[in-house]
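Note sheet for the following structure.
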Amino acid sequence: MTTKKATKANNAIKVIKASQEKKTKASKKARVSGKTTSKRSATLSKTAGKSRPVILITNDDSIHAPGIRALVEAVRSLGDIIVVAPDKPQSGMGHAITIGSPLRLSKVSIFEEGIESYTCSGTPVDCVKLAVDRVLHRKPDICLSGINHGANHSINVIYSGTMSAALEASIEGIPSMGLSLLDPSVEADFEGAKKYTRELVAQLLNKKLDKHFCLNVNFPAVPAELIQGVKVCRQAYAKYEEDFEERTDPAGKKYYWLTGEFVNFDDQTDTDVWALANHYVSVVPVQFDLTNYKLKETLKKQLHLDI
């Protein structure tokens with residue numbers, strides 16, 4: 001090979017190597033940026049040297065509900081927002097989890113730029129579990145569930161998918177809040193709920209909370225200027241007087257449709273039902289420990305079971 005040809009060959013090799021190195025660097029960069037958003041989400045952004053809290057948001061009305069959008073808008077400036085919510089309405093699912101069918105998690109672009117969001121084919125509780133295990137790969141600083149379209153005061157807390165998501169976070173050691181507006185309408189006015197949600201969350205993020213901290217927060221369905229303030233309450237003794245209407249489908253087969261009326265048996269003024277009826281935001285501390293401690297001590301004395 002002549003010197004001239006050798007030089008051309010060497011130059012060609014150098015060009016090829018440079019091209020390969022460039023591709024390798026680009027590939028590495030792509031792999032880093034292309035790692036699951038969970039890794040990126042798990043890294044807190046820095047503002048002026050200070051870490052921003054990670055806020056996990058979910059609900060039971062689906063990711064398409066106006067209430068969850070209102071919640072995102074209310075707290076988006078308070079931290080890094082990650083949304084993992086059901087792909088369809090899951091109201092009344094309680095603490096159900098999916099065990100007999102596959103769970104699917106899909107990244108979607110529904111909210112404003114900078115808000116990572118995912119739909120989950122499962123229940124609200126599934127959303128929290130998947131968010132921690134597969135999206136964040138860590139525990140968020142707080143979990144917010146809502147804003148629910150409809151009341152979750154009193155006995156509703158037992159059936160609510162919104163509150164079950166919050167309680168699941170609490171079980172996982174994540175401070176949480178379930179938030180609900182006493183208006184089931186898709187066109188509900190969330191301005192008052194947004195105002196008080198932001199104030200509550202801002203305060204909580206500045207305090208050291210117990211890892212099992214959980215609040216059930218309900219907002220009266222009145223304009224923001226008519227809300228009287230916030231009341232820390234207890235859960236009222238109330239329930240639904242249910243009725244199953246018998247109906248007939250087009251094929252002539254009978255089916256039943258659940259109806260009923262909410263009845264309050266509690267006339268005290270320290271309850272969530274009273275607070276909401278008087279245009280206050282109700283805040284009820286809740287827990288997943290269902291032990292009846294008073295009855296526990298009574299049983300020990302009366303039945304002599306502790307042997």
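How things are named: the first chain in the structure tokens is A, the next is B, and so on; residues count from 1 in each chain; ligands count from 1 in the order shown.
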Applying 12 Å and only C-alpha atoms, which residues near Glu261 (chain A) remain after dropping the ones on its own chain fewer than 4 positions away? List them as an mmCIF file with N, CA and C atoms, in the first residue's frame.
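Ended up saving to selection-v9.cif:
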data_model
loop_
_atom_site.group_PDB
_atom_site.id
_atom_site.type_symbol
_atom_site.label_atom_id
_atom_site.label_comp_id
_atom_site.auth_asym_id
_atom_site.auth_seq_id
_atom_site.Cartn_x
_atom_site.Cartn_y
_atom_site.Cartn_z
ATOM 1 N N ALA A 238 -73.497 8.095 60.867
ATOM 2 C CA ALA A 238 -74.520 8.225 59.831
ATOM 3 C C ALA A 238 -74.340 7.074 58.852
ATOM 4 N N LYS A 239 -75.377 6.791 58.091
ATOM 5 C CA LYS A 239 -75.304 5.704 57.116
ATOM 6 C C LYS A 239 -76.360 5.888 56.050
ATOM 7 N N TYR A 240 -76.293 5.037 55.052
ATOM 8 C CA TYR A 240 -77.308 5.055 54.009
ATOM 9 C C TYR A 240 -78.405 4.057 54.336
ATOM 10 N N GLU A 241 -79.630 4.518 54.249
ATOM 11 C CA GLU A 241 -80.774 3.622 54.320
ATOM 12 C C GLU A 241 -81.005 3.160 52.883
ATOM 13 N N GLU A 242 -80.591 1.942 52.595
ATOM 14 C CA GLU A 242 -80.533 1.487 51.208
ATOM 15 C C GLU A 242 -81.818 0.823 50.740
ATOM 16 N N ASP A 243 -82.006 0.878 49.436
ATOM 17 C CA ASP A 243 -83.146 0.220 48.814
ATOM 18 C C ASP A 243 -82.687 -0.307 47.456
ATOM 19 N N PHE A 244 -82.969 -1.561 47.196
ATOM 20 C CA PHE A 244 -82.621 -2.149 45.913
ATOM 21 C C PHE A 244 -83.873 -2.217 45.036
#
Checklist entry - Neighbours of Ile227 (chain A) within 6 Å (only C-alpha atoms; same-chain residues fewer than 3 positions away dropped), as a ChimeraX atom specification? => result /A:224,279-280
Quick one: which region 134-242 of chain A residues come within 12 Å of region 101-117 of chain A, and what is the nearest atom pair for each with the distance in Å to one decimal, counting only C-alpha atoms, rows ordered by chain and ascending number, as a tab-separated table?
residue	atom	partner	partner_atom	distance
A:Arg134	CA	A:Leu105	CA	9.2
A:Val135	CA	A:Leu105	CA	9.3
A:Leu136	CA	A:Glu116	CA	10.8
Could you dump the residues just selected with N, CA and C atoms as a PDB file, in the first residue's frame?
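Here's the written file result_19.pdb:
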ATOM      1  N   ARG A 134     -43.086   0.771  41.010  1.00  0.00           N
ATOM      2  CA  ARG A 134     -42.668   0.736  39.618  1.00  0.00           C
ATOM      3  C   ARG A 134     -42.470   2.094  38.964  1.00  0.00           C
ATOM      4  N   VAL A 135     -42.991   3.136  39.553  1.00  0.00           N
ATOM      5  CA  VAL A 135     -42.824   4.460  38.954  1.00  0.00           C
ATOM      6  C   VAL A 135     -41.775   5.270  39.710  1.00  0.00           C
ATOM      7  N   LEU A 136     -41.972   5.397  41.012  1.00  0.00           N
ATOM      8  CA  LEU A 136     -41.059   6.205  41.819  1.00  0.00           C
ATOM      9  C   LEU A 136     -39.847   5.429  42.314  1.00  0.00           C
TER      10      LEU A 136
END
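Going from CA of Asp270 (chain A) to CA of His149 (chain A) covers 23.9 Å.
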Next on the checklist: So that I can check the surroundings of Phe219 (chain A), please list as an MDAnalysis selection string every protein, DNA and RNA residue that reaches within 12 Å of it, counting only C-alpha atoms and ignoring chain neighbours fewer than 2 positions away.
Outcome noted: chainID A and resid 146:153 178:184 188:197 216:217 221:224 226:231 272:273 275:284
Since we have the selection now, will you write its residues out, keeping C-alpha atoms, as a short mmCIF file (atom, residue, chain, number, x, y, z; two decimals), in the first residue's frame?
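Dumped to selection-v5.cif:
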data_model
loop_
_atom_site.label_atom_id
_atom_site.label_comp_id
_atom_site.auth_asym_id
_atom_site.auth_seq_id
_atom_site.Cartn_x
_atom_site.Cartn_y
_atom_site.Cartn_z
CA GLY A 146 -58.86 13.27 44.95
CA ILE A 147 -60.38 15.69 44.57
CA ASN A 148 -63.34 13.33 44.63
CA HIS A 149 -66.63 14.23 42.95
CA GLY A 150 -68.97 13.64 45.88
CA ALA A 151 -68.92 13.34 49.66
CA ASN A 152 -66.64 11.03 51.60
CA HIS A 153 -67.73 12.10 55.08
CA GLY A 178 -58.02 12.09 50.81
CA LEU A 179 -59.90 15.12 49.46
CA SER A 180 -63.55 15.27 48.42
CA LEU A 181 -66.05 17.90 47.31
CA LEU A 182 -69.73 17.53 48.19
CA ASP A 183 -70.74 17.91 44.55
CA PRO A 184 -70.80 14.85 42.26
CA ALA A 188 -68.55 21.19 39.96
CA ASP A 189 -66.85 24.38 41.16
CA PHE A 190 -63.47 23.37 42.65
CA GLU A 191 -62.14 26.86 43.39
CA GLY A 192 -62.80 26.72 47.13
CA ALA A 193 -61.43 23.19 47.37
CA LYS A 194 -58.29 24.22 45.48
CA LYS A 195 -57.70 27.20 47.79
CA TYR A 196 -57.94 25.21 51.00
CA THR A 197 -56.11 22.20 49.57
CA ASN A 216 -60.05 12.71 55.40
CA VAL A 217 -60.80 16.20 54.08
CA ALA A 221 -70.29 22.61 47.81
CA VAL A 222 -70.46 26.40 48.10
CA PRO A 223 -68.53 29.22 46.42
CA ALA A 224 -65.07 29.81 47.88
CA LEU A 226 -68.84 31.35 51.51
CA ILE A 227 -66.55 28.76 53.13
CA GLN A 228 -66.35 29.63 56.84
CA GLY A 229 -62.98 28.05 57.57
CA VAL A 230 -61.64 24.65 58.64
CA LYS A 231 -62.89 22.37 61.43
CA ASP A 272 -67.78 16.22 59.80
CA VAL A 273 -71.45 16.22 58.75
CA ALA A 275 -69.10 21.13 59.78
CA LEU A 276 -69.98 20.65 56.13
CA ALA A 277 -73.62 21.56 56.64
CA ASN A 278 -72.38 24.82 58.17
CA HIS A 279 -70.02 25.54 55.27
CA TYR A 280 -66.77 24.54 56.97
CA VAL A 281 -64.06 22.34 55.50
CA SER A 282 -64.06 19.16 57.59
CA VAL A 283 -60.77 17.50 58.53
CA VAL A 284 -60.97 14.06 60.16
#
Would you kindly return, as a short mmCIF file (atom, residue, chain, number, x, y, z; two decimals) with N, CA and C atoms, in the first residue's frame, each protein, DNA or RNA residue with an atom no farther than 8 Å from any atom of Pro66 (chain A), considering only C-alpha atoms and excluding same-chain residues fewer than 2 positions away?
data_model
loop_
_atom_site.label_atom_id
_atom_site.label_comp_id
_atom_site.auth_asym_id
_atom_site.auth_seq_id
_atom_site.Cartn_x
_atom_site.Cartn_y
_atom_site.Cartn_z
N HIS A 64 -59.13 11.17 34.02
CA HIS A 64 -59.80 12.15 33.16
C HIS A 64 -60.76 13.06 33.92
N ILE A 68 -59.27 15.65 39.65
CA ILE A 68 -57.82 15.39 39.78
C ILE A 68 -57.02 16.49 39.10
N ARG A 69 -57.59 17.06 38.05
CA ARG A 69 -56.93 18.19 37.40
C ARG A 69 -56.90 19.39 38.35
N ALA A 70 -57.99 19.60 39.07
CA ALA A 70 -58.05 20.69 40.05
C ALA A 70 -57.00 20.49 41.14
N VAL A 186 -69.89 16.74 37.18
CA VAL A 186 -68.66 16.88 36.39
C VAL A 186 -68.30 18.36 36.26
N GLU A 187 -69.29 19.23 36.36
CA GLU A 187 -69.07 20.66 36.22
C GLU A 187 -68.99 21.36 37.58
#
Checklist entry - DSSP on the backbone: what in region 56-95 of chain A comes out alpha helix (DSSP H), as an NGL selection string? => result :A and (66-75)
Please produce a file of those selected residues containing C-alpha atoms, as an mmCIF file, in the first residue's frame.
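Okay, this is what ended up in out.cif:
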data_model
loop_
_atom_site.group_PDB
_atom_site.id
_atom_site.type_symbol
_atom_site.label_atom_id
_atom_site.label_comp_id
_atom_site.auth_asym_id
_atom_site.auth_seq_id
_atom_site.Cartn_x
_atom_site.Cartn_y
_atom_site.Cartn_z
ATOM 1 C CA PRO A 66 -61.947 17.397 36.524
ATOM 2 C CA GLY A 67 -61.292 16.840 40.236
ATOM 3 C CA ILE A 68 -57.822 15.390 39.778
ATOM 4 C CA ARG A 69 -56.932 18.194 37.404
ATOM 5 C CA ALA A 70 -58.047 20.695 40.050
ATOM 6 C CA LEU A 71 -55.816 18.937 42.601
ATOM 7 C CA VAL A 72 -52.793 19.090 40.296
ATOM 8 C CA GLU A 73 -53.395 22.787 39.693
ATOM 9 C CA ALA A 74 -53.727 23.446 43.421
ATOM 10 C CA VAL A 75 -50.386 21.925 44.452
#
Checklist entry - With only C-alpha atoms as the atoms that count, which of A:Thr298, A:Ser121, A:Ser185, A:Ser91 lies nearest to Val157 (chain A)? => result A:Ser91
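For the set A:Cys233, A:Ile99, A:Ile158, A:Cys143, the residue with the smallest atom-to-atom gap to Ile174 (chain A) is A:Cys143, counting only C-alpha atoms.
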Non-local contacts of Pro89 (chain A) (8 Å; only C-alpha atoms; under 5 positions in same chain excluded) as a CSV table (one decimal) with C-alpha atoms, in the first residue's frame:
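Produced file part_30.csv, reproduced below:
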chain,number,residue,atom,x,y,z
A,60,ASP,CA,-60.9,7.0,42.1
A,61,ASP,CA,-62.9,9.0,39.5
A,62,SER,CA,-60.2,8.3,36.8
Checklist entry - Hey, what's within 10 Å of Leu204 (chain A) if we count only C-alpha atoms and toss same-chain stuff fewer than 6 positions away? As JSON, numbers by chain, please? => result {"A": [142, 175, 176, 198]}
Checklist entry - Mind checking DSSP for region 74-253 of chain A and telling me the strand (DSSP E or B) residues as a ChimeraX atom specification? => result /A:80-86,105-108,116-120,142-149,176-181,214-219,229-232,234,238-248
Dump of N, CA and C atoms for the selected residues, as a compact mmCIF listing (two decimals), in the first residue's frame:
# COMPACT_ATOMS: atom_id res chain seq x y z
N ASP A 80 -42.62 18.35 43.17
CA ASP A 80 -42.59 17.59 41.92
C ASP A 80 -43.78 16.64 41.90
N ILE A 81 -44.65 16.81 40.92
CA ILE A 81 -45.91 16.07 40.87
C ILE A 81 -45.79 14.82 40.01
N ILE A 82 -46.24 13.69 40.55
CA ILE A 82 -46.36 12.45 39.81
C ILE A 82 -47.80 11.98 39.96
N VAL A 83 -48.46 11.76 38.83
CA VAL A 83 -49.86 11.30 38.85
C VAL A 83 -49.93 9.86 38.38
N VAL A 84 -50.53 9.01 39.20
CA VAL A 84 -50.84 7.63 38.81
C VAL A 84 -52.29 7.39 39.22
N ALA A 85 -53.17 7.28 38.23
CA ALA A 85 -54.60 7.22 38.51
C ALA A 85 -55.28 6.18 37.62
N PRO A 86 -56.46 5.72 38.04
CA PRO A 86 -57.17 4.71 37.25
C PRO A 86 -57.53 5.21 35.85
N LEU A 105 -49.89 -0.39 33.13
CA LEU A 105 -49.48 0.96 33.49
C LEU A 105 -49.02 1.66 32.22
N SER A 106 -49.64 2.78 31.89
CA SER A 106 -49.31 3.48 30.64
C SER A 106 -49.03 4.94 30.90
N LYS A 107 -47.93 5.42 30.31
CA LYS A 107 -47.61 6.84 30.44
C LYS A 107 -48.51 7.63 29.50
N VAL A 108 -49.05 8.74 30.00
CA VAL A 108 -49.95 9.58 29.21
C VAL A 108 -49.55 11.04 29.35
N GLU A 116 -45.56 14.42 35.21
CA GLU A 116 -45.53 13.02 34.77
C GLU A 116 -46.84 12.35 35.18
N SER A 117 -47.44 11.65 34.24
CA SER A 117 -48.72 11.02 34.57
C SER A 117 -48.85 9.66 33.90
N TYR A 118 -49.53 8.76 34.62
CA TYR A 118 -49.71 7.39 34.18
C TYR A 118 -51.14 6.94 34.47
N THR A 119 -51.68 6.11 33.58
CA THR A 119 -52.95 5.47 33.86
C THR A 119 -52.66 4.04 34.31
N CYS A 120 -53.53 3.57 35.21
CA CYS A 120 -53.42 2.21 35.72
C CYS A 120 -54.76 1.52 35.48
N ILE A 142 -45.50 12.89 50.20
CA ILE A 142 -46.91 12.90 50.58
C ILE A 142 -47.73 12.32 49.43
N CYS A 143 -48.86 11.72 49.77
CA CYS A 143 -49.78 11.20 48.76
C CYS A 143 -51.12 11.92 48.92
N LEU A 144 -51.63 12.45 47.82
CA LEU A 144 -52.92 13.15 47.82
C LEU A 144 -53.88 12.39 46.91
N SER A 145 -55.05 12.09 47.43
CA SER A 145 -56.05 11.34 46.65
C SER A 145 -57.30 12.20 46.47
N GLY A 146 -57.69 12.44 45.22
CA GLY A 146 -58.86 13.27 44.95
C GLY A 146 -58.62 14.19 43.76
N ILE A 147 -59.27 15.30 43.70
CA ILE A 147 -60.38 15.69 44.57
C ILE A 147 -61.62 14.94 44.09
N ASN A 148 -62.23 14.19 44.99
CA ASN A 148 -63.34 13.33 44.63
C ASN A 148 -64.59 14.13 44.29
N HIS A 149 -65.33 13.65 43.30
CA HIS A 149 -66.63 14.23 42.95
C HIS A 149 -67.70 13.59 43.83
N SER A 176 -50.56 11.09 54.13
CA SER A 176 -51.51 11.18 53.02
C SER A 176 -52.76 11.96 53.40
N MET A 177 -53.50 12.35 52.36
CA MET A 177 -54.79 13.02 52.52
C MET A 177 -55.73 12.57 51.41
N GLY A 178 -56.97 12.29 51.79
CA GLY A 178 -58.02 12.09 50.81
C GLY A 178 -58.85 13.36 50.78
N LEU A 179 -59.20 13.84 49.60
CA LEU A 179 -59.90 15.12 49.46
C LEU A 179 -61.15 14.93 48.62
N SER A 180 -62.27 15.47 49.10
CA SER A 180 -63.55 15.27 48.42
C SER A 180 -64.40 16.53 48.48
N LEU A 181 -65.13 16.77 47.40
CA LEU A 181 -66.05 17.90 47.31
C LEU A 181 -67.48 17.38 47.29
N CYS A 214 -52.78 10.39 58.23
CA CYS A 214 -53.78 10.35 57.16
C CYS A 214 -54.98 11.21 57.55
N LEU A 215 -55.41 12.05 56.63
CA LEU A 215 -56.56 12.92 56.86
C LEU A 215 -57.65 12.66 55.83
N ASN A 216 -58.90 12.73 56.29
CA ASN A 216 -60.05 12.71 55.40
C ASN A 216 -60.61 14.13 55.36
N VAL A 217 -60.42 14.79 54.22
CA VAL A 217 -60.80 16.20 54.08
C VAL A 217 -61.97 16.31 53.11
N ASN A 218 -63.03 16.99 53.56
CA ASN A 218 -64.19 17.22 52.69
C ASN A 218 -64.48 18.72 52.60
N PHE A 219 -64.91 19.13 51.41
CA PHE A 219 -65.20 20.55 51.16
C PHE A 219 -66.70 20.74 50.89
N GLY A 229 -64.27 28.40 56.98
CA GLY A 229 -62.98 28.05 57.57
C GLY A 229 -62.82 26.54 57.63
N VAL A 230 -61.95 26.08 58.53
CA VAL A 230 -61.64 24.65 58.64
C VAL A 230 -61.96 24.16 60.05
N LYS A 231 -62.59 22.99 60.14
CA LYS A 231 -62.89 22.37 61.43
C LYS A 231 -62.25 20.99 61.50
N VAL A 232 -61.47 20.74 62.54
CA VAL A 232 -60.97 19.38 62.80
C VAL A 232 -62.09 18.66 63.54
N ARG A 234 -64.64 14.79 64.15
CA ARG A 234 -64.69 13.34 64.19
C ARG A 234 -65.69 12.87 63.14
N ALA A 238 -73.50 8.10 60.87
CA ALA A 238 -74.52 8.22 59.83
C ALA A 238 -74.34 7.07 58.85
N LYS A 239 -75.38 6.79 58.09
CA LYS A 239 -75.30 5.70 57.12
C LYS A 239 -76.36 5.89 56.05
N TYR A 240 -76.29 5.04 55.05
CA TYR A 240 -77.31 5.06 54.01
C TYR A 240 -78.40 4.06 54.34
N GLU A 241 -79.63 4.52 54.25
CA GLU A 241 -80.77 3.62 54.32
C GLU A 241 -81.00 3.16 52.88
N GLU A 242 -80.59 1.94 52.59
CA GLU A 242 -80.53 1.49 51.21
C GLU A 242 -81.82 0.82 50.74
N ASP A 243 -82.01 0.88 49.44
CA ASP A 243 -83.15 0.22 48.81
C ASP A 243 -82.69 -0.31 47.46
N PHE A 244 -82.97 -1.56 47.20
CA PHE A 244 -82.62 -2.15 45.91
C PHE A 244 -83.87 -2.22 45.04
N GLU A 245 -83.91 -1.34 44.06
CA GLU A 245 -85.05 -1.31 43.16
C GLU A 245 -84.99 -2.48 42.18
N GLU A 246 -86.10 -3.18 42.07
CA GLU A 246 -86.16 -4.28 41.11
C GLU A 246 -86.60 -3.73 39.75
N ARG A 247 -85.82 -4.03 38.74
CA ARG A 247 -86.12 -3.53 37.40
C ARG A 247 -86.05 -4.70 36.41
N THR A 248 -86.41 -4.41 35.18
CA THR A 248 -86.40 -5.43 34.14
C THR A 248 -85.62 -4.91 32.95
